[in-house]
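**Student:** Enclosed is the structure file structure-v4.csv (CSV, N, CA and C atoms).
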chain,number,residue,atom,x,y,z
A,1,VAL,N,0.9,-1.2,0.0
A,1,VAL,CA,0.0,0.0,0.0
A,1,VAL,C,0.9,1.2,0.0
A,2,ILE,N,0.6,2.2,-0.9
A,2,ILE,CA,1.5,3.3,-1.1
A,2,ILE,C,1.4,4.3,0.1
A,3,ARG,N,0.3,4.5,0.7
A,3,ARG,CA,0.2,5.5,1.7
A,3,ARG,C,0.5,5.0,3.1
A,4,GLY,N,1.2,4.0,3.3
A,4,GLY,CA,1.5,3.4,4.6
A,4,GLY,C,0.5,2.4,5.0
A,5,ALA,N,-0.4,2.8,5.9
A,5,ALA,CA,-1.5,1.9,6.3
A,5,ALA,C,-2.5,1.7,5.2
A,6,LEU,N,-3.4,0.8,5.4
A,6,LEU,CA,-4.5,0.6,4.4
A,6,LEU,C,-5.3,1.9,4.3
A,7,PRO,N,-5.5,2.3,3.0
A,7,PRO,CA,-6.2,3.6,2.8
A,7,PRO,C,-7.7,3.4,3.2
A,8,ASP,N,-8.4,4.5,3.5
A,8,ASP,CA,-9.8,4.5,3.8
A,8,ASP,C,-10.6,3.9,2.7
A,9,ARG,N,-10.3,4.3,1.5
A,9,ARG,CA,-11.0,3.8,0.3
A,9,ARG,C,-10.0,3.2,-0.7
A,10,MET,N,-10.3,2.0,-1.2
A,10,MET,CA,-9.5,1.4,-2.2
A,10,MET,C,-10.2,1.6,-3.6
A,11,GLY,N,-9.4,1.5,-4.6
A,11,GLY,CA,-9.9,1.5,-5.9
A,11,GLY,C,-10.6,0.2,-6.2
A,12,ARG,N,-11.5,0.3,-7.2
A,12,ARG,CA,-12.3,-0.9,-7.6
A,12,ARG,C,-11.5,-2.1,-7.9
A,13,ARG,N,-10.4,-2.0,-8.6
A,13,ARG,CA,-9.6,-3.1,-9.0
A,13,ARG,C,-8.8,-3.6,-7.8
A,14,GLU,N,-8.4,-2.8,-6.9
A,14,GLU,CA,-7.8,-3.2,-5.7
A,14,GLU,C,-8.7,-4.0,-4.8
A,15,LEU,N,-10.0,-3.6,-4.7
A,15,LEU,CA,-10.9,-4.4,-4.0
A,15,LEU,C,-11.2,-5.8,-4.6
A,16,GLU,N,-11.3,-5.8,-5.9
A,16,GLU,CA,-11.4,-7.1,-6.6
A,16,GLU,C,-10.2,-8.0,-6.4
A,17,LEU,N,-9.0,-7.4,-6.4
A,17,LEU,CA,-7.8,-8.2,-6.2
A,17,LEU,C,-7.8,-8.7,-4.7
A,18,MET,N,-8.2,-7.9,-3.8
A,18,MET,CA,-8.3,-8.3,-2.4
A,18,MET,C,-9.2,-9.5,-2.3
A,19,HIS,N,-10.4,-9.5,-2.9
A,19,HIS,CA,-11.3,-10.6,-2.8
A,19,HIS,C,-10.8,-11.8,-3.5
A,20,ILE,N,-10.1,-11.7,-4.6
A,20,ILE,CA,-9.5,-12.8,-5.3
A,20,ILE,C,-8.4,-13.5,-4.4
A,21,LEU,N,-7.6,-12.6,-3.8
A,21,LEU,CA,-6.5,-13.1,-2.9
A,21,LEU,C,-7.1,-13.8,-1.7
A,22,LEU,N,-8.2,-13.3,-1.2
A,22,LEU,CA,-8.8,-13.9,0.0
A,22,LEU,C,-9.4,-15.3,-0.4
A,23,LEU,N,-9.9,-15.4,-1.6
A,23,LEU,CA,-10.4,-16.7,-2.0
A,23,LEU,C,-9.4,-17.8,-2.3
A,24,LEU,N,-8.2,-17.3,-2.7
A,24,LEU,CA,-7.1,-18.2,-3.0
A,24,LEU,C,-6.4,-18.7,-1.8
A,25,ASN,N,-5.9,-19.9,-1.8
A,25,ASN,CA,-5.2,-20.4,-0.7
A,25,ASN,C,-3.7,-20.2,-1.0
A,26,GLY,N,-3.1,-19.1,-0.6
A,26,GLY,CA,-1.7,-18.8,-0.9
A,26,GLY,C,-1.5,-18.6,-2.4
A,27,ASP,N,-0.6,-19.2,-3.0
A,27,ASP,CA,-0.3,-19.0,-4.4
A,27,ASP,C,-1.0,-20.1,-5.3
A,28,TYR,N,-1.9,-20.8,-4.7
A,28,TYR,CA,-2.6,-21.9,-5.4
A,28,TYR,C,-3.5,-21.3,-6.5
A,29,PHE,N,-3.4,-21.8,-7.7
A,29,PHE,CA,-4.3,-21.5,-8.8
A,29,PHE,C,-4.7,-22.8,-9.5
A,30,GLN,N,-5.9,-22.9,-9.9
A,30,GLN,CA,-6.4,-24.1,-10.5
A,30,GLN,C,-5.8,-24.1,-11.9
A,31,GLU,N,-5.6,-25.3,-12.4
A,31,GLU,CA,-4.9,-25.4,-13.7
A,31,GLU,C,-5.6,-24.7,-14.9
A,32,ASP,N,-7.0,-24.7,-14.8
A,32,ASP,CA,-7.7,-24.1,-15.9
A,32,ASP,C,-7.6,-22.6,-15.9
A,33,GLN,N,-7.1,-22.0,-14.8
A,33,GLN,CA,-6.8,-20.6,-14.8
A,33,GLN,C,-5.5,-20.3,-15.5
A,34,ARG,N,-4.7,-21.3,-15.7
A,34,ARG,CA,-3.4,-21.1,-16.3
A,34,ARG,C,-3.4,-21.4,-17.8
A,35,GLU,N,-4.6,-21.6,-18.4
A,35,GLU,CA,-4.7,-21.9,-19.8
A,35,GLU,C,-4.3,-20.6,-20.6
A,36,ILE,N,-3.6,-20.8,-21.7
A,36,ILE,CA,-3.2,-19.7,-22.5
A,36,ILE,C,-4.4,-19.3,-23.4
A,37,SER,N,-5.1,-18.3,-23.0
A,37,SER,CA,-6.3,-17.8,-23.7
A,37,SER,C,-6.3,-16.3,-23.6
A,38,ALA,N,-7.2,-15.7,-24.4
A,38,ALA,CA,-7.3,-14.2,-24.3
A,38,ALA,C,-7.7,-13.8,-22.9
A,39,GLU,N,-8.7,-14.5,-22.3
A,39,GLU,CA,-9.1,-14.2,-21.0
A,39,GLU,C,-8.0,-14.5,-19.9
A,40,GLY,N,-7.3,-15.6,-20.1
A,40,GLY,CA,-6.2,-15.9,-19.2
A,40,GLY,C,-5.1,-14.9,-19.2
A,41,ILE,N,-4.8,-14.4,-20.4
A,41,ILE,CA,-3.7,-13.4,-20.5
A,41,ILE,C,-4.2,-12.1,-19.8
A,42,ARG,N,-5.4,-11.7,-20.2
A,42,ARG,CA,-6.0,-10.4,-19.6
A,42,ARG,C,-6.1,-10.5,-18.1
A,43,ASN,N,-6.5,-11.7,-17.5
A,43,ASN,CA,-6.6,-11.9,-16.1
A,43,ASN,C,-5.2,-11.8,-15.4
A,44,TYR,N,-4.2,-12.4,-16.0
A,44,TYR,CA,-2.9,-12.3,-15.5
A,44,TYR,C,-2.4,-10.8,-15.5
A,45,LEU,N,-2.6,-10.1,-16.6
A,45,LEU,CA,-2.1,-8.7,-16.6
A,45,LEU,C,-2.9,-7.9,-15.6
A,46,GLU,N,-4.2,-8.1,-15.5
A,46,GLU,CA,-5.0,-7.3,-14.5
A,46,GLU,C,-4.5,-7.6,-13.1
A,47,THR,N,-4.2,-8.8,-12.7
A,47,THR,CA,-3.8,-9.1,-11.4
A,47,THR,C,-2.3,-8.6,-11.1
A,48,HIS,N,-1.6,-8.3,-12.2
A,48,HIS,CA,-0.2,-7.8,-12.0
A,48,HIS,C,-0.2,-6.3,-12.5
A,49,ILE,N,-1.3,-5.6,-12.4
A,49,ILE,CA,-1.3,-4.3,-13.0
A,49,ILE,C,-0.4,-3.3,-12.2
A,50,ALA,N,-0.1,-3.6,-11.0
A,50,ALA,CA,0.8,-2.7,-10.2
A,50,ALA,C,2.2,-3.0,-10.3
A,51,MET,N,2.6,-3.9,-11.2
A,51,MET,CA,3.9,-4.4,-11.4
A,51,MET,C,4.4,-4.1,-12.8
A,52,ALA,N,5.7,-4.0,-13.0
A,52,ALA,CA,6.2,-3.9,-14.3
A,52,ALA,C,5.9,-5.2,-15.1
A,53,THR,N,5.8,-5.1,-16.4
A,53,THR,CA,5.5,-6.3,-17.2
A,53,THR,C,6.8,-7.2,-17.2
A,54,ASN,N,6.5,-8.5,-16.8
A,54,ASN,CA,7.6,-9.4,-16.6
A,54,ASN,C,7.3,-10.7,-17.5
A,55,LEU,N,7.8,-10.7,-18.7
A,55,LEU,CA,7.5,-11.8,-19.6
A,55,LEU,C,8.0,-13.1,-19.1
A,56,ASP,N,9.2,-13.1,-18.4
A,56,ASP,CA,9.7,-14.4,-17.9
A,56,ASP,C,8.8,-15.0,-16.9
A,57,ALA,N,8.3,-14.2,-15.9
A,57,ALA,CA,7.4,-14.6,-14.9
A,57,ALA,C,6.1,-15.1,-15.5
A,58,MET,N,5.6,-14.3,-16.5
A,58,MET,CA,4.3,-14.7,-17.1
A,58,MET,C,4.4,-16.0,-17.9
A,59,ALA,N,5.5,-16.2,-18.6
A,59,ALA,CA,5.7,-17.4,-19.3
A,59,ALA,C,5.8,-18.6,-18.4
A,60,GLU,N,6.5,-18.4,-17.2
A,60,GLU,CA,6.6,-19.4,-16.2
A,60,GLU,C,5.2,-19.8,-15.7
A,61,TYR,N,4.4,-18.8,-15.4
A,61,TYR,CA,3.1,-19.0,-14.9
A,61,TYR,C,2.2,-19.8,-15.8
A,62,PHE,N,2.3,-19.6,-17.1
A,62,PHE,CA,1.6,-20.3,-18.1
A,62,PHE,C,2.3,-21.6,-18.5
A,63,ASP,N,3.5,-21.8,-18.0
A,63,ASP,CA,4.3,-23.0,-18.3
A,63,ASP,C,4.6,-23.2,-19.8
A,64,ILE,N,4.9,-22.1,-20.4
A,64,ILE,CA,5.3,-22.1,-21.8
A,64,ILE,C,6.5,-21.2,-22.0
A,65,SER,N,7.1,-21.2,-23.2
A,65,SER,CA,8.3,-20.4,-23.4
A,65,SER,C,7.8,-18.9,-23.6
A,66,LYS,N,8.8,-18.0,-23.5
A,66,LYS,CA,8.5,-16.6,-23.6
A,66,LYS,C,8.0,-16.3,-25.1
A,67,SER,N,8.7,-16.9,-26.0
A,67,SER,CA,8.4,-16.7,-27.5
A,67,SER,C,7.0,-17.2,-27.8
A,68,THR,N,6.6,-18.4,-27.2
A,68,THR,CA,5.3,-18.9,-27.4
A,68,THR,C,4.2,-18.0,-26.8
A,69,LEU,N,4.5,-17.5,-25.6
A,69,LEU,CA,3.6,-16.6,-25.0
A,69,LEU,C,3.4,-15.4,-25.8
A,70,CYS,N,4.4,-14.8,-26.3
A,70,CYS,CA,4.3,-13.5,-27.1
A,70,CYS,C,3.5,-13.8,-28.4
A,71,ARG,N,3.8,-14.9,-29.1
A,71,ARG,CA,3.0,-15.3,-30.3
A,71,ARG,C,1.6,-15.5,-30.0
A,72,ALA,N,1.3,-16.2,-28.9
A,72,ALA,CA,-0.1,-16.5,-28.5
A,72,ALA,C,-0.8,-15.2,-28.2
A,73,ALA,N,-0.2,-14.3,-27.5
A,73,ALA,CA,-0.9,-13.0,-27.1
A,73,ALA,C,-1.2,-12.2,-28.4
A,74,GLN,N,-0.2,-12.2,-29.3
A,74,GLN,CA,-0.4,-11.4,-30.6
A,74,GLN,C,-1.5,-12.1,-31.4
A,75,ARG,N,-1.6,-13.4,-31.4
A,75,ARG,CA,-2.6,-14.1,-32.1
A,75,ARG,C,-4.0,-13.9,-31.5
A,76,LEU,N,-4.1,-14.0,-30.2
A,76,LEU,CA,-5.3,-14.0,-29.4
A,76,LEU,C,-5.9,-12.6,-29.2
A,77,LEU,N,-5.0,-11.7,-29.0
A,77,LEU,CA,-5.4,-10.3,-28.6
A,77,LEU,C,-5.0,-9.2,-29.6
A,78,GLY,N,-4.2,-9.6,-30.6
A,78,GLY,CA,-3.9,-8.7,-31.7
A,78,GLY,C,-2.9,-7.6,-31.3
A,79,ALA,N,-2.1,-7.8,-30.2
A,79,ALA,CA,-1.2,-6.8,-29.8
A,79,ALA,C,-0.1,-7.4,-28.9
A,80,PRO,N,1.1,-6.8,-28.8
A,80,PRO,CA,2.1,-7.4,-27.9
A,80,PRO,C,1.7,-7.2,-26.4
A,81,ILE,N,2.2,-8.1,-25.6
A,81,ILE,CA,1.8,-8.1,-24.2
A,81,ILE,C,2.2,-6.8,-23.5
A,82,GLN,N,3.3,-6.3,-23.8
A,82,GLN,CA,3.7,-5.0,-23.2
A,82,GLN,C,2.7,-3.9,-23.5
A,83,LYS,N,2.3,-3.8,-24.7
A,83,LYS,CA,1.3,-2.8,-25.1
A,83,LYS,C,0.0,-3.0,-24.4
A,84,LEU,N,-0.5,-4.3,-24.3
A,84,LEU,CA,-1.7,-4.6,-23.6
A,84,LEU,C,-1.7,-4.2,-22.2
A,85,HIS,N,-0.5,-4.5,-21.5
A,85,HIS,CA,-0.4,-4.2,-20.1
A,85,HIS,C,-0.3,-2.7,-19.9
A,86,GLN,N,0.4,-2.0,-20.8
A,86,GLN,CA,0.5,-0.5,-20.7
A,86,GLN,C,-0.8,0.1,-20.8
A,87,ASP,N,-1.6,-0.4,-21.8
A,87,ASP,CA,-3.0,0.2,-22.0
A,87,ASP,C,-3.9,0.0,-20.8
A,88,MET,N,-3.8,-1.2,-20.2
A,88,MET,CA,-4.5,-1.5,-18.9
A,88,MET,C,-4.1,-0.5,-17.8
A,89,LYS,N,-2.8,-0.4,-17.7
A,89,LYS,CA,-2.3,0.5,-16.7
A,89,LYS,C,-2.7,2.0,-16.9
A,90,MET,N,-2.7,2.4,-18.1
A,90,MET,CA,-3.1,3.8,-18.4
A,90,MET,C,-4.6,4.0,-18.1
A,91,ASN,N,-5.4,3.1,-18.5
A,91,ASN,CA,-6.8,3.2,-18.2
A,91,ASN,C,-7.1,3.2,-16.7
A,92,TRP,N,-6.4,2.3,-16.0
A,92,TRP,CA,-6.6,2.3,-14.6
A,92,TRP,C,-6.1,3.6,-13.9
A,93,ALA,N,-4.9,4.1,-14.5
A,93,ALA,CA,-4.4,5.4,-14.0
A,93,ALA,C,-5.4,6.5,-14.2
A,94,LYS,N,-6.0,6.5,-15.3
A,94,LYS,CA,-7.0,7.6,-15.6
A,94,LYS,C,-8.1,7.5,-14.6
A,95,GLU,N,-8.6,6.3,-14.3
A,95,GLU,CA,-9.7,6.1,-13.3
A,95,GLU,C,-9.2,6.6,-11.9
A,96,LEU,N,-8.0,6.3,-11.5
A,96,LEU,CA,-7.5,6.7,-10.2
A,96,LEU,C,-7.4,8.2,-10.2
A,97,LEU,N,-6.9,8.9,-11.3
A,97,LEU,CA,-6.8,10.3,-11.3
A,97,LEU,C,-8.2,11.0,-11.3
A,98,LEU,N,-9.1,10.4,-12.0
A,98,LEU,CA,-10.5,11.0,-12.1
A,98,LEU,C,-11.2,10.9,-10.8
A,99,SER,N,-10.8,9.9,-10.0
A,99,SER,CA,-11.4,9.7,-8.7
A,99,SER,C,-11.1,10.9,-7.7
A,100,GLY,N,-10.0,11.5,-8.0
A,100,GLY,CA,-9.5,12.6,-7.2
A,100,GLY,C,-8.8,12.3,-5.9
A,101,GLU,N,-8.7,11.0,-5.6
A,101,GLU,CA,-8.1,10.5,-4.4
A,101,GLU,C,-6.6,10.3,-4.4
A,102,PHE,N,-6.0,10.3,-5.6
A,102,PHE,CA,-4.6,10.0,-5.7
A,102,PHE,C,-3.9,11.1,-6.5
A,103,ASN,N,-2.8,11.5,-6.1
A,103,ASN,CA,-2.0,12.5,-6.9
A,103,ASN,C,-1.3,11.7,-8.0
A,104,VAL,N,-0.5,12.4,-8.8
A,104,VAL,CA,0.2,11.8,-10.0
A,104,VAL,C,1.2,10.8,-9.5
A,105,LYS,N,2.0,11.1,-8.5
A,105,LYS,CA,3.0,10.3,-8.0
A,105,LYS,C,2.4,9.0,-7.4
A,106,GLU,N,1.4,9.1,-6.6
A,106,GLU,CA,0.7,7.9,-6.1
A,106,GLU,C,0.1,7.0,-7.2
A,107,THR,N,-0.5,7.7,-8.2
A,107,THR,CA,-1.1,6.9,-9.3
A,107,THR,C,0.0,6.2,-10.1
A,108,ALA,N,1.1,6.8,-10.3
A,108,ALA,CA,2.3,6.2,-11.0
A,108,ALA,C,2.7,4.9,-10.2
A,109,ALA,N,2.9,5.1,-8.9
A,109,ALA,CA,3.3,3.9,-8.1
A,109,ALA,C,2.3,2.8,-8.1
A,110,ARG,N,1.0,3.1,-8.1
A,110,ARG,CA,-0.1,2.1,-8.0
A,110,ARG,C,-0.2,1.4,-9.4
A,111,THR,N,0.3,2.0,-10.4
A,111,THR,CA,0.3,1.3,-11.7
A,111,THR,C,1.6,0.8,-12.2
A,112,GLY,N,2.6,0.7,-11.2
A,112,GLY,CA,3.8,0.0,-11.5
A,112,GLY,C,4.9,0.9,-12.1
A,113,TYR,N,4.8,2.2,-12.1
A,113,TYR,CA,5.8,3.1,-12.6
A,113,TYR,C,6.6,3.7,-11.4
A,114,LYS,N,7.9,3.4,-11.4
A,114,LYS,CA,8.7,4.0,-10.3
A,114,LYS,C,9.0,5.4,-10.5
A,115,ASP,N,9.1,5.8,-11.8
A,115,ASP,CA,9.4,7.1,-12.2
A,115,ASP,C,8.2,7.9,-12.7
A,116,SER,N,7.7,8.9,-11.9
A,116,SER,CA,6.5,9.6,-12.2
A,116,SER,C,6.6,10.4,-13.4
A,117,LEU,N,7.8,10.9,-13.7
A,117,LEU,CA,8.0,11.7,-15.0
A,117,LEU,C,7.8,10.8,-16.2
A,118,TYR,N,8.4,9.6,-16.2
A,118,TYR,CA,8.2,8.6,-17.3
A,118,TYR,C,6.7,8.3,-17.4
A,119,PHE,N,6.1,8.0,-16.2
A,119,PHE,CA,4.6,7.7,-16.2
A,119,PHE,C,3.9,8.9,-16.9
A,120,SER,N,4.2,10.1,-16.6
A,120,SER,CA,3.5,11.3,-17.2
A,120,SER,C,3.7,11.3,-18.7
A,121,ARG,N,4.9,11.0,-19.2
A,121,ARG,CA,5.1,11.0,-20.6
A,121,ARG,C,4.3,9.9,-21.3
A,122,VAL,N,4.2,8.7,-20.7
A,122,VAL,CA,3.5,7.6,-21.3
A,122,VAL,C,2.0,8.0,-21.3
A,123,PHE,N,1.5,8.6,-20.2
A,123,PHE,CA,0.1,9.0,-20.0
A,123,PHE,C,-0.2,10.0,-21.1
A,124,LYS,N,0.6,11.0,-21.3
A,124,LYS,CA,0.3,12.1,-22.2
A,124,LYS,C,0.3,11.5,-23.6
A,125,LYS,N,1.2,10.6,-23.9
A,125,LYS,CA,1.3,9.9,-25.2
A,125,LYS,C,0.0,9.1,-25.5
A,126,THR,N,-0.5,8.5,-24.4
A,126,THR,CA,-1.7,7.7,-24.5
A,126,THR,C,-3.0,8.5,-24.7
A,127,PHE,N,-3.2,9.5,-23.9
A,127,PHE,CA,-4.4,10.3,-23.8
A,127,PHE,C,-4.3,11.7,-24.4
A,128,GLY,N,-3.1,12.2,-24.7
A,128,GLY,CA,-3.0,13.5,-25.3
A,128,GLY,C,-3.1,14.6,-24.2
A,129,GLU,N,-3.2,14.3,-23.0
A,129,GLU,CA,-3.2,15.3,-21.9
A,129,GLU,C,-2.4,14.8,-20.7
A,130,THR,N,-1.8,15.7,-19.9
A,130,THR,CA,-1.0,15.3,-18.8
A,130,THR,C,-1.9,14.7,-17.7
A,131,PRO,N,-1.3,13.8,-16.9
A,131,PRO,CA,-2.1,13.3,-15.8
A,131,PRO,C,-2.5,14.4,-14.8
A,132,GLY,N,-1.7,15.4,-14.6
A,132,GLY,CA,-2.1,16.5,-13.7
A,132,GLY,C,-3.3,17.3,-14.2
A,133,LYS,N,-3.4,17.4,-15.5
A,133,LYS,CA,-4.6,18.1,-16.1
A,133,LYS,C,-5.8,17.3,-15.9
A,134,ILE,N,-5.7,16.0,-16.1
A,134,ILE,CA,-6.9,15.1,-15.9
A,134,ILE,C,-7.3,15.1,-14.5
A,135,ARG,N,-6.3,15.1,-13.6
A,135,ARG,CA,-6.7,15.2,-12.1
A,135,ARG,C,-7.4,16.5,-11.8
A,136,LEU,N,-6.9,17.6,-12.3
A,136,LEU,CA,-7.5,18.9,-12.1
A,136,LEU,C,-8.9,19.0,-12.6
A,137,GLU,N,-9.2,18.3,-13.7
A,137,GLU,CA,-10.5,18.3,-14.3
A,137,GLU,C,-11.5,17.6,-13.5
A,138,SER,N,-11.0,16.6,-12.7
A,138,SER,CA,-11.9,15.8,-11.9
A,138,SER,C,-12.3,16.6,-10.6
A,139,GLN,N,-11.7,17.6,-10.3
A,139,GLN,CA,-12.0,18.4,-9.0
A,139,GLN,C,-13.0,19.4,-9.2
Represent the structure contained in this file as C-alpha cells.
**Tutor:**
Amino acid sequence: VIRGALPDRMGRRELELMHILLLLNGDYFQEDQREISAEGIRNYLETHIAMATNLDAMAEYFDISKSTLCRAAQRLLGAPIQKLHQDMKMNWAKELLLSGEFNVKETAARTGYKDSLYFSRVFKKTFGETPGKIRLESQ
C-alpha cells in the first residue's frame, strides 16, 4: 500500500484483487486458470497491474516459453503483451486520477511506474493530456 497503512477507500480493482486473494489459498491456482487464452492473459495482466511487465514470470506462470507466450498474445489479442499491459495501466491510472483520491506520484506507483516523470510521458502519449490536467479536471 502506497500511503503506509491501508487507505480509507481502495480503488475498484484493488478491492477485486483483495477478494480474489482472500479466495485463493496462498499461491494456489487451478490449472484451468493457467490456460493460455485471451481471458487468461488479460486476467494475469490485471492481477499484475501494479507491477512492471515481466514476460519471464508470465511465461513461467503459463508454463510455456516466452516466445510462445508472445506469439499467442499477438494471435489471441492482436497486440504485444507489453502494449496490452501498458494500456490497462493507463486506463486504470486515468480512473484513479479522475477519482480525485490520488495524486500523480501515487497513481504512478499504483500502476507500477517507479518514475512519475516517465509515467507522465506515457500517459500524455496515450491520452493527449497530462495526468495533472486530468486530475484537475476531476475536481
**Student:** Between CA of Ser138 in chain A and CA of His85 in chain A, what is the spacing in Å?
**Tutor:**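 Distance between the two atoms: 24.5 Å.
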**Student:** Find the spatial neighbours of Lys89 in chain A, counting only N, CA and C atoms, within a cut-off of 8 Å - ignore same-chain residues fewer than 6 positions away - and output them as a PyMOL selection string.
**Tutor:** chain A and resi 45-46+49-50+83+95+110-112
**Student:** So what do you get for atom N of Thr107 in chain A versus atom N of Ala59 in chain A, distance-wise?
**Tutor:**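 Interatomic distance, atom N of Thr107 in chain A to atom N of Ala59 in chain A: 26.7 Å.
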**Student:** Please measure the separation of atom N of Gln86 in chain A and atom N of Gln139 in chain A, giving the value in Å to one decimal.
**Tutor:**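 Here the two named atoms are 25.3 Å from each other.
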**Student:** So that I can check the surroundings of Leu96 in chain A, please list as a VMD selection string every protein, DNA and RNA residue that reaches within 10 Å of it, counting only C-alpha atoms and ignoring chain neighbours fewer than 4 positions away.
**Tutor:** chain A and resid 10 to 12 90 to 92 100 to 104 106 to 108 110 to 111 135
**Student:** Would you please work out which residue, of A:Ala73, A:Leu21, A:Leu136, A:Ala57, is nearest to Gly40 in chain A when using only C-alpha atoms?
**Tutor:**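 Of A:Ala73, A:Leu21, A:Leu136, A:Ala57, the one nearest Gly40 in chain A, counting only C-alpha atoms, is A:Ala73.
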**Student:** Name the residues of range 41-112 of chain A that fall into alpha helix (DSSP H) according to DSSP on the backbone, using the chain letters and numbers of this document, as number ranges by chain.
**Tutor:** A: 41-47, 55-62, 66-77, 81-99, 104-110
